[in-house]
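Let me begin by presenting the structure, written as structure tokens, before commenting on it.
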Amino acid sequence: MNSFWTVVGFTVNNKVKGKPFIISTIVLALLISIGINLPYIITQFGSSENAAKSIGFIQSTSEELTLGTSTAQQLKAYFEGQESPAIKLVAYEDKGSAAENDKQLKQAINDGAISGYLDFGAMTESGFPEVTYKSEKLMEYSLTNSLQNALTLIRQGTILQNAGLTQEQMTMLNTPISIQSMQISATEGAGSIGEGKSIDEQGMNMGLVYFLIILLFMSVMISGQMIASEITAEKSSRVMEILITSVAPLKQMFGKIFGMFIVVIIQVATYVLVAIVNMNLPHNVETFASFNINLSDVDTMLLVYSLIYFLTGFFLFATMFAAVGSIVSRTEELGQAVMPITIISLGGFYISIFSISTPDSMLVKITSFIPLFSPFVMPLRLGLADPPVWEVLASIGILLVTIYFAVWVSAKIYRTGVLMYGKRPSWKELRKAMKAYKV
Amino acid sequence: MNPLIVEKVVKQYGDKTAVNGISLEVGKGEIYGLLGANGAGKTTTMRMVLGLIYPDGGSILYNGKPYSTELLHTMGYLPEERGLYPKIKVSDQLIYLAQLRGMSKKDADKSLKYWLERFEVPEYYNKKVEELSKGNQQKIGFIASVIHSPQIIILDEAFSGLDPVNVELLKSTVKELRDNGTSILFSTHRMEHVEELCRNITILHRSNAVLQGNIKELKKQFPREKVIISTEQEVSGLEQISGVTKVIRHEYGYELSIENESVGGDILRHAMNQSEITRFEIKEPTLNEIFIKTVGDRNE
């Protein structure tokens, strides 16, 4: 056991003291700081961003334009009546011809006075003329949407007024209706048993699940690469031959994996610390208070399960990376060799992230049992759906059995692989050689 | 009982036999030479002794016991290709390696300082291995193999890449370790080192032990076929002596190849008639010649 900790200590020491580690940690910490302060920075710079967008239109009494003018006037009145309007309409005088008008409005766009303008066509069944919004940008959906909404409301108002409704009745009609949603468990769920989750709790759980999934993915990617490349480096520099004659390979492998785990935890803890410090800076407190973060909303059972999946997932992937690292002789070949594992972890990660709105789909249910995916997918189910306890236990059981086999096979591959040089061995050669070693 | 007994070990890689039934014994305080051309099976044999790979047949006993992980602490190994972390400080990695072999950090540090001092390179303590020259890396590698005072040391091409001064330094160190009772298994291509250091040798050729035993005994088995003679004046007619097969003139005199030792007397008498003789020697074969003869014969 003693030499195990020696390996752990050596691994941690060399990584943490190494320049690449320090530099990458600082760079990421800086990025996190910038990311967190971004909302504040934007409010400092972009006060104009929040100002209403100006949209031009032609005001005219000429026959063909009068219809458009009245519609635009209605819109203008509507937006002016709002508390903080997103849109402001600006009238331009009629220059006589359509081409001249276009020229005038385009000039206005160029000058920055307006960001686009409205063009009106023939009368349609909707009660308004055809409206075209012209601007230099494509896909201004939010803007066209608010215009559309405004017109709908204006029309509604006109019709209701004509129908003789009082102001009160109209207010009542316009009052939004809210629906609360609460997740309950119909069976003995493994999440918060029978308690149900309110919106706030769900939000918090979702945050936690996201956080842990991303954390797992990052840890696997960072440390997996490091473990594999360290082993390959030891192998190519032949330190490995001395190491194997000094420590049992299994101790050595797990010492390395555990050491890397500590390194990753140190790194992640640094990031989390940086994030917390930044969030508590006086100018940021307000912004984040509005997000309603309340750690007491976190479900303890979810936390426990998620941590189990995090640890098992990390361990499983790390063992596989170690095995691959031990087969490859040169660092240049490593990227290619670890590709399959990288893709699998990416797969699990994406299934989980993209299923956040459908935590009940068949894909999620099935992959939450498949060992390499379950550490990513099951926490999602736990947090957002309510899987039965037996399913969760079965999934963990399958995962543990897989880890047992992965460790056994990896240890064998490791013991064999570290002494195989030259080209990457074929599976057949590897299997044959593996038979020679007791682990 | 000898500390290291290798008995009829066999190692096969696929269809190829890398080592075919080699036996050897290394006594306490003995340096055992393992010779052979490239690919003869030296490194494979050493790796089996180290427990890096397992023999397919035969057995290896350490102090009478089979291989076990406890043995790891009592063995030292210098691989042919250094085996050091290039980017890590000498002190960090040597102390690490020593700790892995059961030393305490403090003892390891002390031992490391002693060895650096001894090799006259104490300034390397804080240097990274990649900053050192090849020969100096070799020295550090050597320290790594002896830092924990092992009972059995395995040196694979320990002197390759070293300048003559450092070779002497390492040789004297190896001899000192031997005198302190360490058993050393040693492989090299350089015959003069073997002649100087080893009591017993095994010459490997294509996975087989072709010649084995005490160097002095081995030499006796090979006939003395060379005569060196240095004279004041020139000597003529050496070629005509019956039994002389070849005469080569050197600046210092003549080198004659003879059929058997008894011809030596005839040569001496012949030469004495013509000149003063400053040197006359019926040379015993060098290990180099023995090696070439044994291995070369089989190549044909």
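Every chain in the structure tokens has a letter given in the order shown (A, B, ...), and although residue numbers restart at 1 in each chain, ligands are simply numbered from 1 in the order shown.
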
Taking only C-alpha atoms into account, what are the residues of chain B at most 8 Å from chain A, put as a PyMOL selection string? chain B and resi 50-52+54+69+72-73+75+77-79+81-86+88+96-97+99-102

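Within segment 45-154 of chain A, DSSP applied to the backbone places the following residues in strand (DSSP E): Lys53, Ser54, Ile55, Gly56, Phe57, Ile58, Gln59, Ile87, Lys88, Leu89, Val90, Ala91, Tyr92, Glu93, Gly116, Tyr117, Leu118, Asp119, Phe120, Gly121, Ala122, Met123, Pro129, Glu130, Val131, Thr132, Tyr133, Lys134 and Ser135 of chain A.
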
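The gap separating atom CA of Lys88 of chain A from atom CA of Leu151 of chain A is 14.3 Å, in Å to one decimal.
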
What are the nearest atom pairs, with distances in Å to one decimal, for all residues of segment 349-434 of chain A that come at most 8 Å from segment 310-320 of chain A, using only C-alpha atoms, set out by chain and rising residue number as a Markdown table?
| residue | atom | partner | partner_atom | distance |
| --- | --- | --- | --- | --- |
| A:Leu372 | CA | A:Gly313 | CA | 7.3 |
| A:Pro375 | CA | A:Gly313 | CA | 5.2 |
| A:Phe376 | CA | A:Gly313 | CA | 7.9 |
| A:Leu399 | CA | A:Thr312 | CA | 7.4 |
| A:Leu400 | CA | A:Thr312 | CA | 7.4 |
| A:Ile403 | CA | A:Leu316 | CA | 5.6 |
| A:Ala406 | CA | A:Thr319 | CA | 6.9 |
| A:Val407 | CA | A:Thr319 | CA | 6.3 |
| A:Ser410 | CA | A:Thr319 | CA | 6.4 |

Contacts of segment 216-226 of chain B at 8 Å (only C-alpha atoms; same-chain gap of 2+ positions) as number ranges by chain: B: 212-214, 228, 255-261, 282-287, 290

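Excluding Glu93 of chain A and any residue on its chain fewer than 6 positions from it, the residues at most 8 Å away by only C-alpha atoms are Ile58, Gln59 and Ser60 of chain A.
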
Residue list (alpha helix (DSSP H), DSSP) for segment 223-400 of chain A, as number ranges by chain: A: 223-236, 239-244, 249-279, 282-289, 300-327, 334-354, 362-367, 374-384, 389-400

Could the residues in this selection be written to a file with C-alpha atoms, as a short mmCIF file (atom, residue, chain, number, x, y, z; two decimals), in the first residue's frame?
data_model
loop_
_atom_site.label_atom_id
_atom_site.label_comp_id
_atom_site.auth_asym_id
_atom_site.auth_seq_id
_atom_site.Cartn_x
_atom_site.Cartn_y
_atom_site.Cartn_z
CA SER A 223 -7.39 13.22 -17.00
CA GLY A 224 -7.95 10.44 -19.52
CA GLN A 225 -5.63 12.09 -21.98
CA MET A 226 -3.11 12.79 -19.26
CA ILE A 227 -3.16 9.25 -17.93
CA ALA A 228 -2.77 7.71 -21.36
CA SER A 229 -0.01 10.06 -22.46
CA GLU A 230 1.91 9.70 -19.21
CA ILE A 231 1.90 5.95 -19.51
CA THR A 232 2.97 6.10 -23.14
CA ALA A 233 5.73 8.54 -22.22
CA GLU A 234 6.95 6.26 -19.44
CA LYS A 235 6.88 3.41 -21.85
CA SER A 236 8.79 5.15 -24.61
CA VAL A 239 11.19 4.19 -17.26
CA MET A 240 8.45 1.64 -17.32
CA GLU A 241 10.93 -1.21 -17.21
CA ILE A 242 12.35 0.14 -14.00
CA LEU A 243 8.93 0.89 -12.59
CA ILE A 244 7.64 -2.61 -13.23
CA PRO A 249 1.85 -3.01 -12.12
CA LEU A 250 -1.62 -2.90 -10.65
CA LYS A 251 -0.54 -0.59 -7.84
CA GLN A 252 1.27 1.52 -10.33
CA MET A 253 -1.70 1.83 -12.64
CA PHE A 254 -4.16 2.70 -9.91
CA GLY A 255 -1.69 4.99 -8.24
CA LYS A 256 -1.53 6.90 -11.47
CA ILE A 257 -5.30 6.93 -11.94
CA PHE A 258 -5.93 8.05 -8.39
CA GLY A 259 -3.20 10.66 -8.64
CA MET A 260 -4.80 12.06 -11.78
CA PHE A 261 -8.15 12.06 -10.05
CA ILE A 262 -6.70 14.25 -7.34
CA VAL A 263 -5.14 16.50 -9.97
CA VAL A 264 -8.47 16.89 -11.72
CA ILE A 265 -10.25 17.57 -8.44
CA ILE A 266 -7.68 20.22 -7.60
CA GLN A 267 -8.20 21.78 -10.98
CA VAL A 268 -11.98 21.68 -10.82
CA ALA A 269 -11.98 22.96 -7.25
CA THR A 270 -9.90 25.90 -8.44
CA TYR A 271 -12.45 26.67 -11.12
CA VAL A 272 -15.38 26.35 -8.76
CA LEU A 273 -13.62 28.59 -6.26
CA VAL A 274 -12.89 31.17 -8.95
CA ALA A 275 -16.53 31.00 -10.02
CA ILE A 276 -17.83 31.45 -6.48
CA VAL A 277 -15.49 34.35 -5.76
CA ASN A 278 -16.52 36.04 -8.96
CA MET A 279 -20.19 35.51 -8.33
CA PRO A 282 -20.37 43.19 -5.28
CA HIS A 283 -21.34 44.11 -8.82
CA ASN A 284 -22.30 40.53 -9.69
CA VAL A 285 -24.38 39.71 -6.64
CA GLU A 286 -27.48 41.37 -8.02
CA THR A 287 -27.31 39.68 -11.38
CA PHE A 288 -27.06 36.23 -9.87
CA ALA A 289 -29.59 36.84 -7.15
CA THR A 300 -29.62 15.03 -1.28
CA MET A 301 -30.45 11.66 -2.79
CA LEU A 302 -29.81 13.07 -6.23
CA LEU A 303 -26.48 14.42 -5.04
CA VAL A 304 -25.47 11.06 -3.60
CA TYR A 305 -26.45 9.14 -6.72
CA SER A 306 -24.81 11.67 -8.98
CA LEU A 307 -21.59 11.42 -7.03
CA ILE A 308 -21.67 7.63 -7.27
CA TYR A 309 -22.06 7.93 -11.02
CA PHE A 310 -19.37 10.55 -11.20
CA LEU A 311 -16.84 8.40 -9.34
CA THR A 312 -17.66 5.15 -11.11
CA GLY A 313 -17.77 6.87 -14.47
CA PHE A 314 -14.45 8.55 -13.92
CA PHE A 315 -12.86 5.34 -12.77
CA LEU A 316 -14.19 3.30 -15.67
CA PHE A 317 -12.98 5.72 -18.30
CA ALA A 318 -9.64 6.30 -16.57
CA THR A 319 -8.94 2.56 -16.49
CA MET A 320 -9.67 2.30 -20.18
CA PHE A 321 -7.44 5.22 -21.00
CA ALA A 322 -4.66 3.61 -18.97
CA ALA A 323 -5.03 0.38 -20.90
CA VAL A 324 -4.89 2.16 -24.24
CA GLY A 325 -1.92 4.24 -23.15
CA SER A 326 -0.04 1.08 -22.27
CA ILE A 327 -0.52 -0.47 -25.70
CA LEU A 334 -1.86 8.08 -28.93
CA GLY A 335 -4.48 10.45 -30.30
CA GLN A 336 -5.66 7.89 -32.78
CA ALA A 337 -5.68 5.12 -30.23
CA VAL A 338 -7.79 6.94 -27.65
CA MET A 339 -10.28 8.09 -30.27
CA PRO A 340 -12.84 5.32 -29.65
CA ILE A 341 -12.98 6.08 -25.93
CA THR A 342 -13.22 9.79 -26.59
CA ILE A 343 -16.11 9.23 -28.97
CA ILE A 344 -17.94 7.01 -26.50
CA SER A 345 -17.65 9.59 -23.74
CA LEU A 346 -18.75 12.30 -26.18
CA GLY A 347 -21.71 10.13 -27.12
CA GLY A 348 -22.79 9.71 -23.50
CA PHE A 349 -22.33 13.40 -22.88
CA TYR A 350 -24.42 14.44 -25.87
CA ILE A 351 -27.20 11.96 -25.23
CA SER A 352 -27.49 13.43 -21.78
CA ILE A 353 -27.29 17.08 -22.77
CA PHE A 354 -29.71 16.84 -25.68
CA MET A 362 -36.57 5.34 -24.89
CA LEU A 363 -33.02 6.35 -25.82
CA VAL A 364 -32.41 7.74 -22.37
CA LYS A 365 -33.98 4.73 -20.68
CA ILE A 366 -31.87 2.25 -22.60
CA THR A 367 -28.58 4.13 -22.41
CA SER A 374 -24.98 5.40 -17.77
CA PRO A 375 -22.72 7.72 -15.73
CA PHE A 376 -23.85 10.53 -18.02
CA VAL A 377 -27.44 9.55 -18.63
CA MET A 378 -28.71 8.17 -15.33
CA PRO A 379 -28.11 11.36 -13.34
CA LEU A 380 -30.29 13.09 -15.91
CA ARG A 381 -33.11 10.64 -15.32
CA LEU A 382 -32.62 10.92 -11.59
CA GLY A 383 -32.74 14.67 -11.66
CA LEU A 384 -35.52 15.28 -14.11
CA VAL A 389 -35.20 2.46 -7.47
CA TRP A 390 -34.57 -0.97 -8.90
CA GLU A 391 -33.66 0.49 -12.26
CA VAL A 392 -31.10 2.77 -10.67
CA LEU A 393 -29.63 -0.02 -8.58
CA ALA A 394 -29.54 -2.32 -11.60
CA SER A 395 -27.74 0.34 -13.60
CA ILE A 396 -25.18 0.87 -10.82
CA GLY A 397 -24.79 -2.88 -10.51
CA ILE A 398 -24.11 -3.29 -14.21
CA LEU A 399 -21.64 -0.43 -13.99
CA LEU A 400 -19.78 -1.99 -11.09
#

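Closest to Val129 of chain B among B:Ser145, B:Ser91, B:Asn38, B:Thr202 is B:Ser91, based on only C-alpha atoms.
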
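Interatomic distance, atom CA of Ser207 of chain B to atom CA of Thr17 of chain B: 6.8 Å.
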